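Chemist: So here's query.cif, just mmCIF, C-alpha atoms and all ligand atoms:
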```cif
data_data
#
loop_
_atom_site.label_atom_id
_atom_site.label_comp_id
_atom_site.auth_asym_id
_atom_site.auth_seq_id
_atom_site.Cartn_x
_atom_site.Cartn_y
_atom_site.Cartn_z
CA MET A 1 -10.60 52.15 -26.84
CA ARG A 2 -10.13 48.35 -26.91
CA GLY A 3 -12.03 46.24 -29.40
CA ALA A 4 -14.79 43.85 -28.21
CA ALA A 5 -12.66 40.76 -29.03
CA ALA A 6 -9.68 41.99 -26.98
CA ASP A 7 -12.05 42.80 -24.13
CA THR A 8 -13.46 39.25 -24.14
CA ASP A 9 -9.92 37.79 -24.21
CA ALA A 10 -8.85 39.86 -21.22
CA LYS A 11 -11.97 38.83 -19.28
CA ALA A 12 -11.37 35.16 -20.10
CA ALA A 13 -7.76 35.46 -18.94
CA ASP A 14 -8.93 37.09 -15.70
CA ARG A 15 -11.45 34.36 -15.12
CA HIS A 16 -8.80 31.70 -15.77
CA ARG A 17 -6.36 33.33 -13.34
CA GLU A 18 -9.06 33.64 -10.71
CA SER A 19 -10.15 30.01 -11.01
CA GLU A 20 -6.51 28.86 -10.85
CA MET A 21 -6.03 30.81 -7.64
CA THR A 22 -9.23 29.41 -6.16
CA ALA A 23 -8.16 25.88 -7.12
CA LYS A 24 -4.76 26.41 -5.53
CA ARG A 25 -6.38 27.69 -2.31
CA ALA A 26 -8.93 24.89 -2.23
CA LEU A 27 -6.54 22.06 -3.10
CA ARG A 28 -3.62 22.73 -0.82
CA PRO A 29 -2.56 19.47 0.95
CA ARG A 30 -2.43 19.58 4.75
CA GLN A 31 0.31 21.66 6.29
CA GLY A 32 3.69 19.97 6.09
CA ILE A 33 2.83 17.46 3.37
CA LEU A 34 4.69 19.37 0.65
CA ASP A 35 7.74 19.63 2.94
CA ILE A 36 8.13 15.85 2.89
CA ALA A 37 11.01 14.65 0.70
CA PRO A 38 9.51 11.87 -1.44
CA TYR A 39 10.93 8.36 -1.16
CA VAL A 40 13.15 7.70 -4.14
CA PRO A 41 13.45 3.97 -4.93
CA GLY A 42 16.72 2.47 -6.11
CA LYS A 43 17.60 2.96 -9.77
CA SER A 44 16.35 -0.01 -11.76
CA ALA A 45 17.36 0.67 -15.36
CA LEU A 46 20.02 2.36 -17.46
CA ALA A 47 19.23 5.07 -20.01
CA ASP A 48 19.24 2.63 -22.94
CA GLY A 49 16.75 0.32 -21.21
CA GLY A 50 18.90 -2.76 -21.94
CA PRO A 51 19.55 -5.72 -19.63
CA VAL A 52 21.24 -4.94 -16.32
CA ILE A 53 22.49 -6.63 -13.19
CA LYS A 54 20.08 -4.99 -10.75
CA LEU A 55 21.26 -5.28 -7.17
CA SER A 56 19.66 -2.08 -5.91
CA SER A 57 16.42 -3.10 -4.17
CA ASN A 58 17.23 -6.10 -1.96
CA GLU A 59 15.16 -8.42 -4.10
CA THR A 60 15.93 -12.14 -4.23
CA PRO A 61 18.05 -13.30 -7.17
CA PHE A 62 15.94 -16.47 -7.38
CA GLY A 63 12.62 -14.92 -8.30
CA PRO A 64 9.35 -16.23 -6.89
CA SER A 65 8.63 -19.89 -6.18
CA PRO A 66 7.14 -21.64 -9.26
CA ARG A 67 4.32 -22.69 -6.92
CA ALA A 68 3.52 -19.04 -6.22
CA VAL A 69 3.52 -18.23 -9.93
CA ALA A 70 1.20 -21.18 -10.67
CA ALA A 71 -1.21 -20.08 -7.91
CA TYR A 72 -1.13 -16.51 -9.22
CA LEU A 73 -1.96 -17.62 -12.75
CA LYS A 74 -4.74 -19.91 -11.56
CA GLU A 75 -6.31 -17.02 -9.69
CA ALA A 76 -6.63 -15.19 -13.02
CA GLN A 77 -9.89 -17.15 -13.42
CA ASN A 78 -11.40 -15.12 -10.59
CA LEU A 79 -10.44 -11.57 -11.45
CA SER A 80 -14.05 -10.39 -11.57
CA ARG A 81 -14.57 -11.35 -7.91
CA TYR A 82 -13.53 -9.34 -4.89
CA PRO A 83 -10.98 -11.20 -2.77
CA ASP A 84 -11.54 -12.34 0.81
CA GLY A 85 -11.61 -9.00 2.61
CA SER A 86 -9.42 -10.10 5.52
CA ALA A 87 -7.02 -12.21 3.42
CA ARG A 88 -8.11 -15.11 5.61
CA PRO A 89 -6.39 -17.93 3.62
CA LEU A 90 -3.10 -16.05 3.82
CA ARG A 91 -3.48 -15.19 7.51
CA GLU A 92 -4.24 -18.84 8.23
CA ALA A 93 -1.25 -20.06 6.23
CA ILE A 94 1.06 -17.63 8.07
CA ALA A 95 -0.47 -18.62 11.40
CA LYS A 96 0.05 -22.31 10.66
CA LEU A 97 3.68 -21.85 9.67
CA TYR A 98 4.63 -19.78 12.71
CA ARG A 99 2.02 -21.22 15.12
CA LEU A 100 0.30 -17.90 15.65
CA ASP A 101 -3.30 -16.83 16.20
CA PRO A 102 -4.68 -15.72 12.79
CA ALA A 103 -6.86 -13.15 14.57
CA ARG A 104 -3.68 -11.32 15.52
CA ILE A 105 -2.42 -11.08 11.94
CA VAL A 106 -3.38 -8.36 9.47
CA CYS A 107 -2.23 -8.54 5.87
CA GLY A 108 -1.55 -5.54 3.68
CA ALA A 109 -0.28 -4.29 0.35
CA GLY A 110 3.35 -4.70 1.35
CA SER A 111 4.63 -4.01 4.84
CA ASP A 112 4.73 -0.36 3.72
CA GLU A 113 0.95 -0.24 3.90
CA LEU A 114 0.91 -1.77 7.37
CA LEU A 115 3.54 0.66 8.64
CA ASN A 116 1.38 3.47 7.28
CA LEU A 117 -1.77 2.06 8.88
CA LEU A 118 0.01 1.78 12.24
CA ALA A 119 1.11 5.39 11.91
CA SER A 120 -2.45 6.45 11.08
CA ALA A 121 -3.77 4.56 14.10
CA PHE A 122 -1.23 5.88 16.60
CA LEU A 123 0.20 9.20 15.40
CA GLY A 124 -1.18 12.69 14.99
CA PRO A 125 -0.11 16.32 15.38
CA GLY A 126 1.74 16.90 18.65
CA ASP A 127 2.93 13.29 18.87
CA GLU A 128 6.55 12.21 18.53
CA ALA A 129 7.91 9.04 16.95
CA ILE A 130 11.51 7.86 17.21
CA TYR A 131 13.65 6.11 14.62
CA SER A 132 17.39 5.66 14.41
CA ARG A 133 19.84 7.80 12.43
CA HIS A 134 20.31 5.46 9.49
CA GLY A 135 16.91 3.79 9.82
CA PHE A 136 14.60 2.90 6.93
CA LEU A 137 13.53 6.22 5.35
CA VAL A 138 9.86 5.36 5.04
CA TYR A 139 9.49 5.94 8.81
CA ARG A 140 10.30 9.64 8.52
CA ILE A 141 7.79 10.03 5.70
CA LEU A 142 4.94 8.31 7.46
CA ILE A 143 5.55 10.20 10.71
CA LEU A 144 5.56 13.56 8.92
CA ALA A 145 2.49 12.56 6.89
CA ARG A 146 0.48 12.32 10.14
CA GLY A 147 1.63 15.77 11.25
CA ALA A 148 3.71 14.15 14.00
CA THR A 149 7.32 14.97 14.82
CA PRO A 150 10.17 12.63 13.84
CA VAL A 151 12.84 12.23 16.53
CA VAL A 152 16.16 10.79 15.37
CA ALA A 153 18.27 8.68 17.74
CA PRO A 154 22.01 8.51 17.01
CA GLU A 155 23.53 5.11 16.23
CA LYS A 156 26.80 3.46 17.25
CA HIS A 157 28.77 1.65 14.54
CA TYR A 158 25.82 2.19 12.19
CA THR A 159 23.67 0.16 14.57
CA ALA A 160 20.57 1.34 16.42
CA ASN A 161 21.38 2.09 20.05
CA VAL A 162 18.91 1.29 22.80
CA ASP A 163 20.23 3.90 25.24
CA GLU A 164 20.10 6.65 22.61
CA ILE A 165 16.51 5.72 21.74
CA LEU A 166 15.44 5.62 25.39
CA ALA A 167 17.14 8.96 26.03
CA ARG A 168 14.84 10.57 23.45
CA VAL A 169 11.56 9.40 24.94
CA THR A 170 9.34 12.26 26.12
CA PRO A 171 5.73 12.37 27.30
CA ALA A 172 4.82 13.03 23.64
CA THR A 173 6.46 9.82 22.33
CA ARG A 174 3.88 7.42 20.89
CA VAL A 175 5.84 5.09 18.59
CA VAL A 176 9.36 3.73 18.07
CA PHE A 177 10.10 2.34 14.60
CA LEU A 178 12.98 -0.09 14.39
CA ALA A 179 14.02 -2.10 11.36
CA ASN A 180 15.75 -5.24 12.61
CA PRO A 181 17.92 -5.91 10.66
CA ASN A 182 18.01 -2.36 9.36
CA ASN A 183 18.00 -1.23 5.75
CA PRO A 184 20.43 0.08 4.42
CA THR A 185 23.04 -0.90 7.05
CA GLY A 186 22.18 -4.59 7.52
CA THR A 187 23.00 -4.28 11.23
CA TYR A 188 20.72 -5.78 13.88
CA LEU A 189 19.97 -5.74 17.59
CA SER A 190 20.02 -8.95 19.61
CA PHE A 191 16.85 -10.19 21.30
CA ASP A 192 18.34 -9.17 24.67
CA GLU A 193 18.77 -5.61 23.40
CA ILE A 194 15.24 -5.56 21.97
CA LYS A 195 13.88 -6.75 25.32
CA ARG A 196 15.91 -4.07 27.09
CA LEU A 197 14.43 -1.48 24.71
CA ARG A 198 10.88 -2.71 25.33
CA SER A 199 11.25 -2.71 29.10
CA GLY A 200 12.82 0.77 29.05
CA LEU A 201 9.99 2.26 27.00
CA PRO A 202 6.83 3.48 28.70
CA ASP A 203 3.85 1.12 28.38
CA THR A 204 2.09 3.78 26.32
CA VAL A 205 4.70 3.67 23.54
CA LEU A 206 4.14 1.30 20.62
CA LEU A 207 7.29 -0.53 19.52
CA VAL A 208 7.20 -1.41 15.81
CA LEU A 209 9.71 -4.12 14.91
CA ASP A 210 10.10 -4.10 11.14
CA ALA A 211 11.48 -7.55 10.34
CA ALA A 212 11.47 -7.34 6.54
CA TYR A 213 14.75 -9.30 6.37
CA ALA A 214 14.16 -11.69 9.31
CA GLU A 215 14.26 -14.85 7.18
CA TYR A 216 17.86 -14.17 6.20
CA VAL A 217 19.26 -13.73 9.71
CA ARG A 218 21.43 -16.62 10.92
CA ALA A 219 22.61 -15.12 14.23
CA ASN A 220 21.65 -17.16 17.29
CA ASP A 221 20.95 -14.11 19.41
CA TYR A 222 18.33 -12.72 16.97
CA GLU A 223 14.56 -12.96 17.35
CA SER A 224 12.26 -11.38 14.79
CA GLY A 225 9.70 -10.11 17.29
CA ILE A 226 7.18 -12.94 17.48
CA GLU A 227 8.03 -13.70 21.10
CA LEU A 228 7.82 -10.09 22.24
CA VAL A 229 4.53 -9.50 20.43
CA ALA A 230 3.14 -12.62 22.11
CA THR A 231 4.16 -11.47 25.58
CA THR A 232 3.48 -7.70 25.52
CA HIS A 233 0.46 -5.58 24.66
CA ASN A 234 2.36 -2.78 22.96
CA THR A 235 4.73 -4.38 20.43
CA VAL A 236 4.04 -5.29 16.80
CA MET A 237 6.14 -6.98 14.13
CA THR A 238 5.85 -6.37 10.39
CA ARG A 239 6.97 -8.86 7.73
CA THR A 240 7.04 -8.94 3.96
CA PHE A 241 6.78 -11.25 0.96
CA SER A 242 8.85 -8.79 -1.10
CA LYS A 243 12.28 -10.07 -0.10
CA ILE A 244 13.00 -13.77 0.41
CA TYR A 245 9.69 -14.83 -1.20
CA GLY A 246 10.40 -12.84 -4.36
CA LEU A 247 6.91 -11.32 -4.60
CA ALA A 248 7.78 -7.60 -4.41
CA ALA A 249 5.58 -6.71 -7.38
CA LEU A 250 2.51 -8.32 -5.79
CA ARG A 251 2.77 -6.14 -2.65
CA ILE A 252 2.15 -8.47 0.29
CA GLY A 253 3.04 -7.82 3.90
CA TRP A 254 1.69 -8.79 7.30
CA VAL A 255 1.74 -7.55 10.84
CA TYR A 256 1.57 -9.70 13.95
CA CYS A 257 0.12 -7.72 16.80
CA PRO A 258 -2.09 -7.77 19.89
CA GLU A 259 -5.78 -8.22 19.04
CA THR A 260 -6.61 -4.67 20.11
CA ILE A 261 -4.11 -3.31 17.57
CA ALA A 262 -5.32 -5.70 14.86
CA ASP A 263 -8.80 -4.35 15.55
CA ALA A 264 -7.63 -0.74 15.15
CA VAL A 265 -5.77 -1.48 11.91
CA ASN A 266 -8.70 -3.47 10.51
CA ARG A 267 -11.01 -0.49 11.10
CA ILE A 268 -8.95 1.85 8.94
CA ARG A 269 -7.50 -0.34 6.20
CA GLY A 270 -9.08 -0.62 2.76
CA PRO A 271 -11.72 -3.36 2.84
CA PHE A 272 -9.96 -5.41 0.12
CA ASN A 273 -6.37 -4.25 0.58
CA VAL A 274 -4.76 -7.52 -0.55
CA SER A 275 -5.69 -8.76 -4.03
CA GLY A 276 -6.89 -12.29 -4.77
CA PRO A 277 -3.81 -13.22 -6.83
CA ALA A 278 -1.60 -11.89 -4.03
CA ILE A 279 -3.40 -13.99 -1.42
CA ALA A 280 -3.12 -17.13 -3.56
CA ALA A 281 0.54 -16.57 -4.45
CA GLY A 282 1.41 -15.77 -0.83
CA VAL A 283 -0.15 -19.01 0.45
CA ALA A 284 1.71 -21.05 -2.20
CA ALA A 285 5.00 -19.24 -1.52
CA LEU A 286 4.82 -20.14 2.17
CA GLU A 287 4.49 -23.81 1.26
CA ASP A 288 7.78 -23.83 -0.65
CA ARG A 289 10.07 -24.33 2.34
CA ALA A 290 12.80 -25.87 0.18
CA GLY A 291 12.89 -22.68 -1.90
CA VAL A 292 13.28 -20.54 1.21
CA ALA A 293 16.00 -22.82 2.59
CA ARG A 294 17.92 -22.60 -0.68
CA ALA A 295 17.72 -18.78 -0.65
CA VAL A 296 18.90 -18.63 2.96
CA GLU A 297 21.82 -20.92 2.27
CA HIS A 298 22.88 -19.03 -0.85
CA ASN A 299 22.70 -15.74 1.01
CA GLU A 300 24.69 -17.01 3.97
CA ILE A 301 27.50 -18.18 1.71
CA TRP A 302 27.62 -15.11 -0.54
CA LEU A 303 27.10 -12.49 2.15
CA ALA A 304 30.24 -13.74 3.92
CA ARG A 305 32.16 -14.24 0.67
CA MET A 306 31.37 -10.78 -0.67
CA ALA A 307 32.09 -9.05 2.64
CA GLU A 308 35.47 -10.73 2.80
CA ALA A 309 36.38 -10.15 -0.84
CA LEU A 310 35.34 -6.48 -0.80
CA SER A 311 37.26 -5.88 2.43
CA ALA A 312 40.30 -7.52 0.85
CA LEU A 313 40.07 -4.89 -1.91
CA GLY A 314 40.47 -2.18 0.73
CA LEU A 315 36.82 -1.23 0.95
CA THR A 316 35.04 -0.92 4.29
CA VAL A 317 32.01 -3.18 4.58
CA THR A 318 29.46 -2.84 7.38
CA PRO A 319 28.77 -6.29 8.88
CA SER A 320 25.30 -7.33 7.69
CA ALA A 321 22.74 -9.89 8.85
CA ALA A 322 20.47 -9.34 5.85
CA ASN A 323 20.68 -9.95 2.06
CA PHE A 324 22.70 -6.85 1.27
CA LEU A 325 25.95 -5.12 2.15
CA LEU A 326 26.74 -1.48 2.75
CA VAL A 327 30.06 -0.78 1.05
CA HIS A 328 31.96 2.40 1.93
CA PHE A 329 34.27 4.02 -0.62
CA PRO A 330 37.28 6.25 -0.03
CA ARG A 331 36.93 9.97 -0.67
CA ALA A 332 40.05 9.95 -2.87
CA ASN A 333 39.69 12.20 -5.89
CA GLY A 334 38.71 10.25 -9.00
CA HIS A 335 38.03 7.15 -6.92
CA SER A 336 34.95 8.15 -5.00
CA VAL A 337 31.59 6.45 -4.73
CA VAL A 338 30.44 8.47 -7.77
CA ASP A 339 33.34 7.09 -9.81
CA ALA A 340 32.68 3.57 -8.56
CA ASP A 341 28.99 3.87 -9.45
CA LYS A 342 29.94 5.16 -12.90
CA LEU A 343 32.30 2.25 -13.53
CA LEU A 344 29.73 -0.28 -12.29
CA GLN A 345 27.07 1.21 -14.55
CA SER A 346 29.44 1.10 -17.50
CA ARG A 347 29.42 -2.65 -16.85
CA ARG A 348 25.63 -2.57 -16.59
CA ILE A 349 25.61 -3.13 -12.82
CA ILE A 350 23.23 -1.09 -10.68
CA LEU A 351 23.84 -0.80 -6.94
CA ARG A 352 22.00 1.60 -4.62
CA ARG A 353 23.27 5.11 -3.82
CA VAL A 354 22.37 5.88 -0.21
CA GLU A 355 23.15 9.60 0.35
CA GLU A 356 19.66 10.26 1.68
CA TYR A 357 20.32 7.71 4.42
CA GLY A 358 23.34 9.70 5.57
CA PHE A 359 25.88 7.68 3.57
CA PRO A 360 27.23 9.95 0.81
CA ASP A 361 30.24 7.66 0.29
CA ALA A 362 28.58 4.27 0.22
CA LEU A 363 26.75 1.92 -2.12
CA ARG A 364 24.36 -0.77 -0.97
CA MET A 365 24.72 -4.04 -2.81
CA THR A 366 22.05 -6.74 -2.74
CA ILE A 367 23.42 -10.28 -2.79
CA GLY A 368 22.73 -11.61 -6.27
CA THR A 369 23.38 -14.84 -8.13
CA GLU A 370 26.93 -16.19 -8.18
CA GLU A 371 27.52 -14.64 -11.63
CA GLU A 372 26.14 -11.27 -10.55
CA ASN A 373 28.24 -11.21 -7.39
CA LEU A 374 31.36 -12.11 -9.31
CA ALA A 375 30.63 -9.39 -11.87
CA VAL A 376 30.50 -6.80 -9.06
CA LEU A 377 33.72 -8.13 -7.57
CA ASP A 378 35.45 -8.06 -10.92
CA ALA A 379 34.37 -4.46 -11.56
CA LEU A 380 35.40 -3.26 -8.11
CA LYS A 381 38.69 -5.12 -8.35
CA SER A 382 39.65 -3.13 -11.43
CA PHE A 383 38.27 0.04 -9.82
CA MET A 384 40.30 -0.36 -6.64
CA GLY A 385 43.33 -1.56 -8.58
CA ALA A 386 43.15 1.55 -10.74
CA SER A 387 42.46 3.78 -7.76
CA GLY A 388 45.53 2.85 -5.76
CA ALA A 389 43.22 3.35 -2.81
CA ARG A 390 43.75 -0.02 -1.17
CA ARG A 391 45.12 1.41 2.04
CA GLN A 392 42.33 3.98 2.52
C1 LIG B 401 13.29 -2.29 6.39
C2 LIG B 401 12.21 -2.37 5.39
N1 LIG B 401 10.94 -2.34 5.79
C3 LIG B 401 9.92 -2.39 4.92
C4 LIG B 401 10.15 -2.48 3.57
C5 LIG B 401 8.95 -2.45 2.65
O1 LIG B 401 8.70 -3.65 2.08
P1 LIG B 401 7.34 -3.98 1.34
O2 LIG B 401 7.71 -4.33 -0.04
O3 LIG B 401 6.76 -5.13 2.13
O4 LIG B 401 6.44 -2.79 1.42
C6 LIG B 401 11.44 -2.51 3.08
C7 LIG B 401 11.69 -2.55 1.63
O5 LIG B 401 12.72 -2.26 1.14
C8 LIG B 401 12.50 -2.45 4.01
O6 LIG B 401 13.77 -2.44 3.59
#
```
In structure tokens, write the structure found in this file.
Ligand SMILES: Cc1ncc(COP(=O)(O)O)c(C=O)c1O

Modeler:
Amino acid sequence: MRGAAADTDAKAADRHRESEMTAKRALRPRQGILDIAPYVPGKSALADGGPVIKLSSNETPFGPSPRAVAAYLKEAQNLSRYPDGSARPLREAIAKLYRLDPARIVCGAGSDELLNLLASAFLGPGDEAIYSRHGFLVYRILILARGATPVVAPEKHYTANVDEILARVTPATRVVFLANPNNPTGTYLSFDEIKRLRSGLPDTVLLVLDAAYAEYVRANDYESGIELVATTHNTVMTRTFSKIYGLAALRIGWVYCPETIADAVNRIRGPFNVSGPAIAAGVAALEDRAGVARAVEHNEIWLARMAEALSALGLTVTPSAANFLLVHFPRANGHSVVDADKLLQSRRIILRRVEEYGFPDALRMTIGTEEENLAVLDALKSFMGASGARRQ
């Protein structure tokens, strides 16, 4: 016979087990959610936490405009007040700069939030959404999160391909997500190709042009999406303050879209989804045109210089229109991408591994300051010199 204390313990354990099982049953996320591979951001620190050259997240090396910082700090006086619920001052500042209708702009906590809101508005179980093979990984996550089916279109030369996308359209297709230029490849489609894509897609398919890096593009045949959004009823363009404006931590993005789509997104977004300091800093950042021009010029010079210098070392560099380069390493034993990453980290340089994008042998390097770029070059020069892999 068991003692009374042991009996009580056993009963308590039973009750605990039972309540755990009930909790598990009751709290299971929707089907498919736990099958989603989480987005893993670029590494941003080394184990010792010391200073690093961080070129892993496509951030600007210049930091935010001092005007944006001043506006942010000033807004600290108003932290007890809710912000303008539609981010009106920011929408109006964007509209003024690009000569757009502010009613067709919705702001969000980064373009990530707007991409998610678009997915919520247009995708559900049974729907299909297309993105390209090496496209921005967030698309896959947000499609799966709505119970919809991701459809992957092959690329040519690491560039999205209009014919391959069109070939994958079915009656279930609701959305096409296209980063232009794309992350992590840096490749882009010309405006003619984008127009060909739009006219080949059924009217019922939403085309999402993700132009996170638009400000950096210098190619004459590029158009960020503004013109197509203005002239069609089924195209939207997302933009961000995280890249050239140096406000990644504040989380500010915007979407330019037909009024009907703005209406849909406004119905489902959080009522105060952009904070007061973010609105103020965003408005001030837009006013600093000289700062933007300086960043564009620096990028244009160093993108070309780095591509040329890395190619001269024997590395293959995908031509990029953005503020980063995809650098492919040889598979040679001892001189692989893993070895390169190790050597770079030993010099306190962090680039971005991109296996999950389908590039197990590449690193993505954000264009940094002159000193940072030269430090990468110097490290890779000794790496390639030591590897004897110049002819790979
Ligand atoms: C192609 C692309 N779209 C969207 C984003 C998200 O930017 P945000 O910081 O505005 O959410 C990124 C960020 O890396 C990106 O590379």

Chemist: Edge lengths and centre in Å to one decimal, as AutoDock Vina command-line options, of the axis-aligned box that encloses all listed atoms of ligand LIG 401 (chain B) with 8 Å added on every side?

Modeler:
```
--center_x 10.1 --center_y -3.7 --center_z 3.2 --size_x 23.3 --size_y 18.9 --size_z 22.4
```

Chemist: Do you have, as CSV, the list of residues of chain A lying at most 7 Å from ligand LIG 401 (chain B), each with its nearest atom pair and that distance in Å to one decimal, counting only C-alpha atoms and all ligand atoms and ordered by chain then number?

Modeler:
```
residue,atom,partner,partner_atom,distance
A:Ser57,CA,B:LIG401,O5,6.5
A:Asn58,CA,B:LIG401,O5,6.7
A:Ala109,CA,B:LIG401,O4,7.0
A:Gly110,CA,B:LIG401,O3,3.5
A:Ser111,CA,B:LIG401,O3,3.6
A:Asp112,CA,B:LIG401,O4,3.8
A:Glu113,CA,B:LIG401,O4,6.5
A:Phe136,CA,B:LIG401,C1,5.4
A:Ala179,CA,B:LIG401,C1,5.0
A:Asn182,CA,B:LIG401,C1,5.6
A:Asn183,CA,B:LIG401,C1,4.9
A:Asp210,CA,B:LIG401,N1,5.7
A:Ala211,CA,B:LIG401,C1,6.8
A:Ala212,CA,B:LIG401,N1,5.1
A:Arg239,CA,B:LIG401,O3,6.7
A:Thr240,CA,B:LIG401,O3,4.2
A:Phe241,CA,B:LIG401,O3,6.2
A:Ser242,CA,B:LIG401,O2,4.7
A:Ala248,CA,B:LIG401,O2,5.5
A:Arg251,CA,B:LIG401,O2,5.9
A:Ile252,CA,B:LIG401,O3,6.0
A:Gly253,CA,B:LIG401,O3,4.9
```

Chemist: Give me the range 42-86 of chain A side of the contact with range 363-383 of chain A, cut-off 12 Å, one line per residue showing its nearest atom pair and distance in Å at one decimal, counting only C-alpha atoms, sorted by chain and residue number, as a Markdown table.

Modeler:
```
| residue | atom | partner | partner_atom | distance |
| --- | --- | --- | --- | --- |
| A:Gly42 | CA | A:Arg364 | CA | 9.8 |
| A:Lys43 | CA | A:Arg364 | CA | 11.7 |
| A:Val52 | CA | A:Glu372 | CA | 9.9 |
| A:Ile53 | CA | A:Glu372 | CA | 6.5 |
| A:Lys54 | CA | A:Gly368 | CA | 8.4 |
| A:Leu55 | CA | A:Thr366 | CA | 4.7 |
| A:Ser56 | CA | A:Thr366 | CA | 6.1 |
| A:Ser57 | CA | A:Thr366 | CA | 6.9 |
| A:Asn58 | CA | A:Thr366 | CA | 4.9 |
| A:Glu59 | CA | A:Thr366 | CA | 7.2 |
| A:Thr60 | CA | A:Gly368 | CA | 7.1 |
| A:Pro61 | CA | A:Gly368 | CA | 5.1 |
| A:Phe62 | CA | A:Thr369 | CA | 7.7 |
| A:Gly63 | CA | A:Thr369 | CA | 10.8 |
```

Chemist: Residues near range 92-108 of chain A, anyone? I mean within 7 Å using only C-alpha atoms, not counting same-chain ones fewer than 5 positions away, as a PyMOL selection string.

Modeler: chain A and resi 87+113-114+252-259+262+273-274+283

Chemist: Pull C-alpha atoms from the residues just selected and write them as an mmCIF file, in the coordinates of the input.

Modeler:
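Final output, again10.cif:
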```cif
data_model
loop_
_atom_site.group_PDB
_atom_site.id
_atom_site.type_symbol
_atom_site.label_atom_id
_atom_site.label_comp_id
_atom_site.auth_asym_id
_atom_site.auth_seq_id
_atom_site.Cartn_x
_atom_site.Cartn_y
_atom_site.Cartn_z
ATOM 1 C CA ALA A 87 -7.020 -12.210 3.420
ATOM 2 C CA GLU A 113 0.950 -0.240 3.900
ATOM 3 C CA LEU A 114 0.910 -1.770 7.370
ATOM 4 C CA ILE A 252 2.150 -8.470 0.290
ATOM 5 C CA GLY A 253 3.040 -7.820 3.900
ATOM 6 C CA TRP A 254 1.690 -8.790 7.300
ATOM 7 C CA VAL A 255 1.740 -7.550 10.840
ATOM 8 C CA TYR A 256 1.570 -9.700 13.950
ATOM 9 C CA CYS A 257 0.120 -7.720 16.800
ATOM 10 C CA PRO A 258 -2.090 -7.770 19.890
ATOM 11 C CA GLU A 259 -5.780 -8.220 19.040
ATOM 12 C CA ALA A 262 -5.320 -5.700 14.860
ATOM 13 C CA ASN A 273 -6.370 -4.250 0.580
ATOM 14 C CA VAL A 274 -4.760 -7.520 -0.550
ATOM 15 C CA VAL A 283 -0.150 -19.010 0.450
#
```

Chemist: Of the candidates A:Ala332, A:Val162, A:Ile36, A:Met384, which one gets nearest to Leu144 in chain A if we count all atoms listed in the file?

Modeler: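 Looking at the shortest contact to Leu144 in chain A, the residue is A:Ile36.
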
Chemist: Point out the residue among A:Arg218, A:Arg17, A:Lys11, A:Arg168 with the least atom-to-atom distance to Gly200 in chain A, counting all atoms listed in the file.

Modeler: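 So, comparing all the options, the nearest one is A:Arg168.
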
Chemist: Provide the CA of Ser120 in chain A to CA of Tyr158 in chain A distance in Å, to one decimal place.

Modeler: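 Atom-to-atom, CA of Ser120 in chain A and CA of Tyr158 in chain A are spaced 28.6 Å apart.
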
Chemist: So which one's closest to Tyr222 in chain A, A:Leu73, A:Ile194, A:Ala309, A:Val236? Using only C-alpha atoms, please.

Modeler: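 Residue with the minimum atom-to-atom distance to Tyr222 in chain A: A:Ile194.
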
Chemist: What is the distance, in Å and to one decimal place, between CA of Glu355 in chain A and CA of Gly225 in chain A?

Modeler: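 Separation between CA of Glu355 in chain A and CA of Gly225 in chain A: 29.3 Å.
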
Chemist: Can you tell me how far CA of Arg67 in chain A sits from CA of Ala322 in chain A, in Å to one decimal?

Modeler: 24.5 Å

Chemist: Write out as a list in words which residues come within 8 Å of Pro271 in chain A when counting only C-alpha atoms, dropping same-chain ones fewer than 2 positions away.

Modeler: Gly85, Ser86, Arg269 and Asn273 of chain A

Chemist: Which residue out of A:Ile279, A:Val354, A:Ala167, A:Ile130 has the minimum interatomic distance to Asp84 in chain A when all atoms listed in the file are used?

Modeler: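 Selected residue with least distance to Asp84 in chain A: A:Ile279.
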
Chemist: So that I can see what lies close to Asp35 in chain A, please list as a list in words the residues with an atom at most 12 Å from it, counting only C-alpha atoms and leaving out residues fewer than 5 positions away in the same chain.

Modeler: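 My list of contacting residues is Pro29, Arg30, Arg140, Ile141, Leu144, Ala145 and Gly147 of chain A.
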
Chemist: Between A:Glu227, A:Asp221, A:Glu155, A:Glu75, which is the closest to Phe191 in chain A once you count only C-alpha atoms?

Modeler: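 Result for the nearest residue to Phe191 in chain A: A:Asp221.
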
Chemist: From the options A:Ala129, A:Glu193, A:Thr316, A:Val138, which residue's atoms come nearest to Ala160 in chain A, counting all atoms listed in the file?

Modeler: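 Nearest candidate to Ala160 in chain A out of A:Ala129, A:Glu193, A:Thr316, A:Val138: A:Glu193.
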